[in-house]
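S.K.: Got a structure for you, entry35.cif, holding mmCIF, C-alpha atoms.
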data_my_file
#
loop_
_atom_site.group_PDB
_atom_site.id
_atom_site.type_symbol
_atom_site.label_atom_id
_atom_site.label_comp_id
_atom_site.auth_asym_id
_atom_site.auth_seq_id
_atom_site.Cartn_x
_atom_site.Cartn_y
_atom_site.Cartn_z
ATOM 1 C CA MET A 163 79.504 142.647 129.868
ATOM 2 C CA LYS A 164 80.047 144.562 126.603
ATOM 3 C CA LYS A 165 83.676 143.463 126.526
ATOM 4 C CA THR A 166 82.709 139.790 126.929
ATOM 5 C CA GLY A 167 80.177 140.090 124.096
ATOM 6 C CA ILE A 168 82.798 141.618 121.785
ATOM 7 C CA ILE A 169 85.275 138.846 122.645
ATOM 8 C CA ILE A 170 82.649 136.176 121.950
ATOM 9 C CA ILE A 171 81.744 137.769 118.605
ATOM 10 C CA PHE A 172 85.442 138.006 117.692
ATOM 11 C CA LEU A 173 86.030 134.343 118.592
ATOM 12 C CA LEU A 174 82.973 133.222 116.612
ATOM 13 C CA CYS A 175 84.169 135.210 113.568
ATOM 14 C CA ALA A 176 87.670 133.725 113.870
ATOM 15 C CA LEU A 177 86.206 130.221 114.174
ATOM 16 C CA GLY A 178 83.983 130.850 111.146
ATOM 17 C CA ILE A 179 86.947 132.003 109.040
ATOM 18 C CA GLU A 180 88.988 128.972 110.137
ATOM 19 C CA MET A 181 86.084 126.628 109.315
ATOM 20 C CA VAL A 182 85.761 128.085 105.798
ATOM 21 C CA LYS A 183 89.523 127.782 105.281
ATOM 22 C CA THR A 184 89.488 124.199 106.566
ATOM 23 C CA GLU A 185 86.594 123.304 104.256
ATOM 24 C CA GLU A 186 88.495 124.736 101.254
ATOM 25 C CA ILE A 187 91.573 122.668 102.122
ATOM 26 C CA GLN A 188 89.479 119.518 102.562
ATOM 27 C CA GLU A 189 87.700 120.080 99.227
ATOM 28 C CA ASN A 190 91.037 120.627 97.477
ATOM 29 C CA LEU A 191 92.374 117.358 98.875
ATOM 30 C CA GLN A 192 89.183 115.479 97.989
ATOM 31 C CA ASP A 193 89.129 116.819 94.434
ATOM 32 C CA ASN A 194 92.775 116.073 93.680
ATOM 33 C CA LEU A 195 93.612 112.782 95.367
ATOM 34 C CA LEU A 196 92.572 109.251 94.447
ATOM 35 C CA ARG A 197 93.020 106.684 97.206
ATOM 36 C CA LEU A 198 93.549 102.967 96.660
ATOM 37 C CA HIS A 199 92.345 100.480 99.292
ATOM 38 C CA ILE A 200 93.009 96.774 99.075
ATOM 39 C CA ILE A 201 90.940 94.848 101.593
ATOM 40 C CA ALA A 202 92.000 91.303 102.450
ATOM 41 C CA ASN A 203 89.648 88.318 102.547
ATOM 42 C CA SER A 204 90.531 87.747 106.224
ATOM 43 C CA ASN A 205 93.290 88.404 108.728
ATOM 44 C CA SER A 206 94.889 84.978 108.287
ATOM 45 C CA ASN A 207 98.588 85.081 107.406
ATOM 46 C CA LYS A 208 97.832 83.535 104.013
ATOM 47 C CA ASP A 209 95.150 86.109 103.121
ATOM 48 C CA GLN A 210 97.323 88.983 104.322
ATOM 49 C CA GLN A 211 100.190 87.768 102.128
ATOM 50 C CA ILE A 212 97.795 87.435 99.179
ATOM 51 C CA LYS A 213 96.693 91.046 99.783
ATOM 52 C CA PHE A 214 100.321 92.205 99.528
ATOM 53 C CA ASP A 215 100.889 90.118 96.392
ATOM 54 C CA ILE A 216 97.800 91.698 94.794
ATOM 55 C CA ARG A 217 99.000 95.141 95.906
ATOM 56 C CA ASP A 218 102.380 94.625 94.253
ATOM 57 C CA LYS A 219 100.762 93.391 91.044
ATOM 58 C CA LEU A 220 98.275 96.285 90.849
ATOM 59 C CA LEU A 221 100.902 98.933 91.608
ATOM 60 C CA SER A 222 103.129 97.584 88.839
ATOM 61 C CA MET A 223 100.330 98.196 86.312
ATOM 62 C CA GLY A 224 100.470 101.997 86.431
ATOM 63 C CA SER A 225 96.775 102.158 85.506
ATOM 64 C CA TYR A 226 93.685 102.589 87.639
ATOM 65 C CA ASP A 227 91.063 101.507 85.126
ATOM 66 C CA LYS A 228 88.383 99.669 87.110
ATOM 67 C CA ASP A 229 87.950 96.760 84.655
ATOM 68 C CA ARG A 230 91.682 96.287 84.209
ATOM 69 C CA LEU A 231 92.267 96.306 87.968
ATOM 70 C CA CYS A 232 89.539 93.718 88.509
ATOM 71 C CA GLU A 233 90.784 91.506 85.691
ATOM 72 C CA THR A 234 94.381 91.672 86.938
ATOM 73 C CA ALA A 235 93.428 91.029 90.573
ATOM 74 C CA ASN A 236 91.284 88.020 89.627
ATOM 75 C CA ALA A 237 93.996 86.584 87.371
ATOM 76 C CA GLU A 238 96.542 86.931 90.175
ATOM 77 C CA LEU A 239 94.145 85.371 92.724
ATOM 78 C CA SER A 240 93.636 82.441 90.371
ATOM 79 C CA LYS A 241 97.398 82.047 89.939
ATOM 80 C CA LEU A 242 97.791 82.092 93.747
ATOM 81 C CA ASN A 243 95.015 79.473 94.164
ATOM 82 C CA ALA A 244 93.274 81.796 96.610
ATOM 83 C CA GLY A 245 89.848 80.182 96.174
ATOM 84 C CA TYR A 246 88.040 83.520 95.966
ATOM 85 C CA GLY A 247 87.734 86.466 93.612
ATOM 86 C CA ALA A 248 88.062 90.220 93.715
ATOM 87 C CA SER A 249 85.683 93.106 93.108
ATOM 88 C CA VAL A 250 86.644 96.686 92.334
ATOM 89 C CA THR A 251 84.531 99.775 92.990
ATOM 90 C CA TYR A 252 85.091 103.499 92.747
ATOM 91 C CA LYS A 253 83.254 105.479 95.392
ATOM 92 C CA LYS A 254 83.468 108.438 97.703
ATOM 93 C CA ARG A 255 83.784 107.363 101.302
ATOM 94 C CA TYR A 256 85.038 108.419 104.690
ATOM 95 C CA VAL A 257 88.699 107.672 105.375
ATOM 96 C CA PRO A 258 90.303 108.232 108.819
ATOM 97 C CA GLN A 259 93.494 110.239 109.281
ATOM 98 C CA LYS A 260 96.592 108.429 108.004
ATOM 99 C CA SER A 261 100.215 109.327 108.766
ATOM 100 C CA TYR A 262 103.579 108.251 107.490
ATOM 101 C CA LYS A 263 107.030 109.650 108.108
ATOM 102 C CA ASN A 264 106.629 113.059 106.445
ATOM 103 C CA ILE A 265 103.055 113.073 105.169
ATOM 104 C CA ALA A 266 99.710 112.949 106.924
ATOM 105 C CA LEU A 267 96.256 113.156 105.413
ATOM 106 C CA PRO A 268 93.327 114.440 107.447
ATOM 107 C CA GLU A 269 90.211 112.380 107.821
ATOM 108 C CA GLY A 270 87.498 113.088 105.310
ATOM 109 C CA VAL A 271 85.518 111.854 102.345
ATOM 110 C CA TYR A 272 87.787 110.897 99.441
ATOM 111 C CA THR A 273 87.351 109.223 96.067
ATOM 112 C CA CYS A 274 88.558 105.666 96.612
ATOM 113 C CA ILE A 275 89.238 102.614 94.519
ATOM 114 C CA ASP A 276 88.273 99.690 96.719
ATOM 115 C CA VAL A 277 89.711 96.329 95.731
ATOM 116 C CA VAL A 278 87.882 93.790 97.888
ATOM 117 C CA LEU A 279 89.417 90.329 98.005
ATOM 118 C CA GLY A 280 86.951 87.532 98.777
ATOM 119 C CA ARG A 281 84.760 88.433 101.756
ATOM 120 C CA GLY A 282 86.729 91.634 102.427
ATOM 121 C CA ALA A 283 86.764 90.898 106.164
ATOM 122 C CA GLY A 284 90.492 91.476 106.735
ATOM 123 C CA GLU A 285 92.851 94.366 107.321
ATOM 124 C CA ASN A 286 93.205 96.819 104.484
ATOM 125 C CA TRP A 287 96.179 98.498 102.851
ATOM 126 C CA TRP A 288 95.853 101.957 101.365
ATOM 127 C CA CYS A 289 97.825 104.542 99.443
ATOM 128 C CA ILE A 290 97.357 107.665 97.362
ATOM 129 C CA ALA A 291 97.026 106.237 93.870
ATOM 130 C CA TYR A 292 96.985 109.600 92.128
ATOM 131 C CA PRO A 293 99.253 111.398 92.154
ATOM 132 C CA PRO A 294 101.240 108.206 92.789
ATOM 133 C CA LEU A 295 102.349 108.101 96.429
ATOM 134 C CA CYS A 296 102.014 104.409 97.204
ATOM 135 C CA PHE A 297 104.415 103.119 99.835
ATOM 136 C CA THR A 298 105.178 99.479 100.551
ATOM 137 C CA GLU A 299 106.957 97.957 103.527
ATOM 138 C CA ALA A 300 110.185 98.052 101.500
ATOM 139 C CA VAL A 301 110.349 101.834 101.894
ATOM 140 C CA THR A 302 110.142 104.087 104.907
ATOM 141 C CA GLY A 303 106.943 105.881 103.965
ATOM 142 C CA GLU A 304 108.851 109.101 103.458
ATOM 143 C CA MET A 305 107.673 111.113 100.484
ATOM 144 C CA SER A 306 110.373 111.861 97.907
ATOM 145 C CA ASP A 307 111.048 115.333 96.521
ATOM 146 C CA GLU A 308 109.601 114.182 93.179
ATOM 147 C CA ALA A 309 106.394 113.059 94.870
ATOM 148 C CA LYS A 310 106.196 116.410 96.677
ATOM 149 C CA LYS A 311 106.506 118.170 93.308
ATOM 150 C CA GLN A 312 103.672 116.056 91.883
ATOM 151 C CA LEU A 313 101.477 116.889 94.860
ATOM 152 C CA ALA A 314 102.394 120.580 94.658
ATOM 153 C CA ALA A 315 101.271 120.625 91.031
ATOM 154 C CA ARG A 316 97.806 119.378 92.037
ATOM 155 C CA LEU A 317 97.128 120.907 95.451
ATOM 156 C CA SER A 318 96.803 124.449 96.743
ATOM 157 C CA GLY A 319 99.653 125.669 98.933
ATOM 158 C CA GLU A 320 97.532 125.426 102.082
ATOM 159 C CA SER A 321 96.386 121.894 101.248
ATOM 160 C CA LEU A 322 99.964 120.803 100.596
ATOM 161 C CA SER A 323 101.238 122.322 103.839
ATOM 162 C CA THR A 324 98.351 120.665 105.702
ATOM 163 C CA ILE A 325 99.371 117.158 104.671
ATOM 164 C CA LEU A 326 103.136 117.652 104.908
ATOM 165 C CA LYS A 327 104.036 116.966 108.500
ATOM 166 C CA SER A 328 105.001 119.919 110.622
ATOM 167 C CA GLU A 329 104.393 121.056 114.163
ATOM 168 C CA ASN A 330 100.974 122.407 113.116
ATOM 169 C CA VAL A 331 99.541 119.151 111.785
ATOM 170 C CA THR A 332 97.854 118.059 114.991
ATOM 171 C CA TYR A 333 96.172 121.436 115.420
ATOM 172 C CA LYS A 334 94.951 121.570 111.859
ATOM 173 C CA PHE A 335 93.566 118.058 112.032
ATOM 174 C CA LYS A 336 91.719 118.886 115.224
ATOM 175 C CA VAL A 337 90.084 121.788 113.408
ATOM 176 C CA VAL A 338 89.221 119.539 110.458
ATOM 177 C CA GLU A 339 87.802 116.898 112.802
ATOM 178 C CA ASP A 340 85.750 119.436 114.744
ATOM 179 C CA PHE A 341 84.453 121.011 111.560
ATOM 180 C CA GLN A 342 83.506 117.598 110.139
ATOM 181 C CA LYS A 343 81.613 116.763 113.363
ATOM 182 C CA ILE A 344 79.746 120.085 113.288
ATOM 183 C CA LYS A 345 78.976 119.623 109.594
ATOM 184 C CA LYS A 346 77.622 116.091 110.203
ATOM 185 C CA PHE A 347 75.565 117.311 113.149
ATOM 186 C CA LEU A 348 73.987 120.107 111.094
ATOM 187 C CA GLN A 349 73.087 117.820 108.178
#
Could I get this file's structure written as structure tokens?
M.R.:
Amino acid sequence: MKKTGIIIIFLLCALGIEMVKTEEIQENLQDNLLRLHIIANSNSNKDQQIKFDIRDKLLSMGSYDKDRLCETANAELSKLNAGYGASVTYKKRYVPQKSYKNIALPEGVYTCIDVVLGRGAGENWWCIAYPPLCFTEAVTGEMSDEAKKQLAARLSGESLSTILKSENVTYKFKVVEDFQKIKKFLQ
């Protein structure tokens, strides 16, 4: 019985240490990444194409000033005769896990720039706006060495290794997910 109690205490301590480590990684990611979401008016082919046109226009700006983004998106929508406008908000919100070829971000609450086109009832497109890691369909979604250097300059080593794909990604994300569920439950 004593042995079982010691094992349980050891496992609880190990879980507690892992939860603290996971929380530190999540906070580092949240504090150092800015995510861009462009949400289409609807899922019609026309609205989805408009979303990609707006994406291309906004990414070519190189600026994430809220007023400038809104002005540019609305000017482009007008030029495309979309029949609706855009709104831009900055907010912290939950984002599910997202994976590409050699990068994966765990679910969590991130600072996001939401560009909502029209009703905002369609599929969205997202990227990491800062540091700039936005991928389009024209590329494979594989992060370049330069992009890795930019991320490394902003993130802790553990945070960087968490989002760079390796054999451990699934395990780490499970821990992050479990910790987030426990945290939500306790709040």
S.K.: Taking the file above as input, evaluate the PyMOL selection byres ((chain A and resi 257) around 6) and report the hits as number ranges by chain.
M.R.: A: 256, 258, 269-270
S.K.: Please, what distance in Å, to one decimal, runs between CA of Gln192 (chain A) and CA of Lys311 (chain A)?
M.R.: 18.1 Å
S.K.: Evaluate the PyMOL selection byres ((chain A and resi 197) around 12) and record the selected residues as a ChimeraX atom specification, following the chain and residue labels used in the document.
M.R.: /A:191-196,198-200,226,251-257,260,267,270-277,287-296
S.K.: Need to verify the contact set: Ala244 (chain A), 9 Å, only C-alpha atoms, exclusion of same-chain residues closer than 4 positions in sequence. Can you return it as a PyMOL selection string?
M.R.: chain A and resi 208-209+212+238-240+280
S.K.: Could you tell me how far CA of Lys213 (chain A) sits from CA of Ala283 (chain A), in Å to one decimal place?
M.R.: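 Separation of CA of Ala283 (chain A) and CA of Lys213 (chain A): 11.8 Å.
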S.K.: Return as JSON the centre and edge lengths, in Å with one decimal, of the box along x, y and z that encloses every atom of region 277-284 of chain A in the file, padded by 3 Å per side.
M.R.:
{"center_x": 87.6, "center_y": 91.9, "center_z": 101.2, "size_x": 11.7, "size_y": 14.8, "size_z": 17.0}
S.K.: Using only C-alpha atoms, pick whichever of A:Ile201, A:Leu242, A:Ala314, A:Ile216 has the shortest atom-to-atom distance to Val278 (chain A).
M.R.: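 Counting only C-alpha atoms, the residue closest to Val278 (chain A) is A:Ile201.
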S.K.: For CA of Arg217 (chain A) and CA of Pro268 (chain A), quote the distance in Å rounded to one decimal.
M.R.: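 So the two atoms, CA of Arg217 (chain A) and CA of Pro268 (chain A), lie 23.2 Å apart.
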S.K.: When you count all atoms listed in the file, which of these residues is closest to Asn236 (chain A): A:Ser249, A:Asn205, A:Ser261, A:Gln211?
M.R.: A:Ser249
S.K.: When the PyMOL selection byres ((chain A and resi 230) around 12) is applied to the file above, which residues end up in the set, as a PyMOL selection string?
M.R.: chain A and resi 219-220+223-229+231-237+248-251+277
S.K.: Using only C-alpha atoms, which of A:Asn207, A:Glu189, A:Asp307, A:Asp215 sits nearest Lys241 (chain A)?
M.R.: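 Nearest to Lys241 (chain A): A:Asp215.
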S.K.: Which of these residues is nearest to Ala202 (chain A), using only C-alpha atoms: A:Ala315, A:Arg281, A:Gln259, A:Tyr246?
M.R.: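 Closest to Ala202 (chain A), using only C-alpha atoms: A:Arg281.
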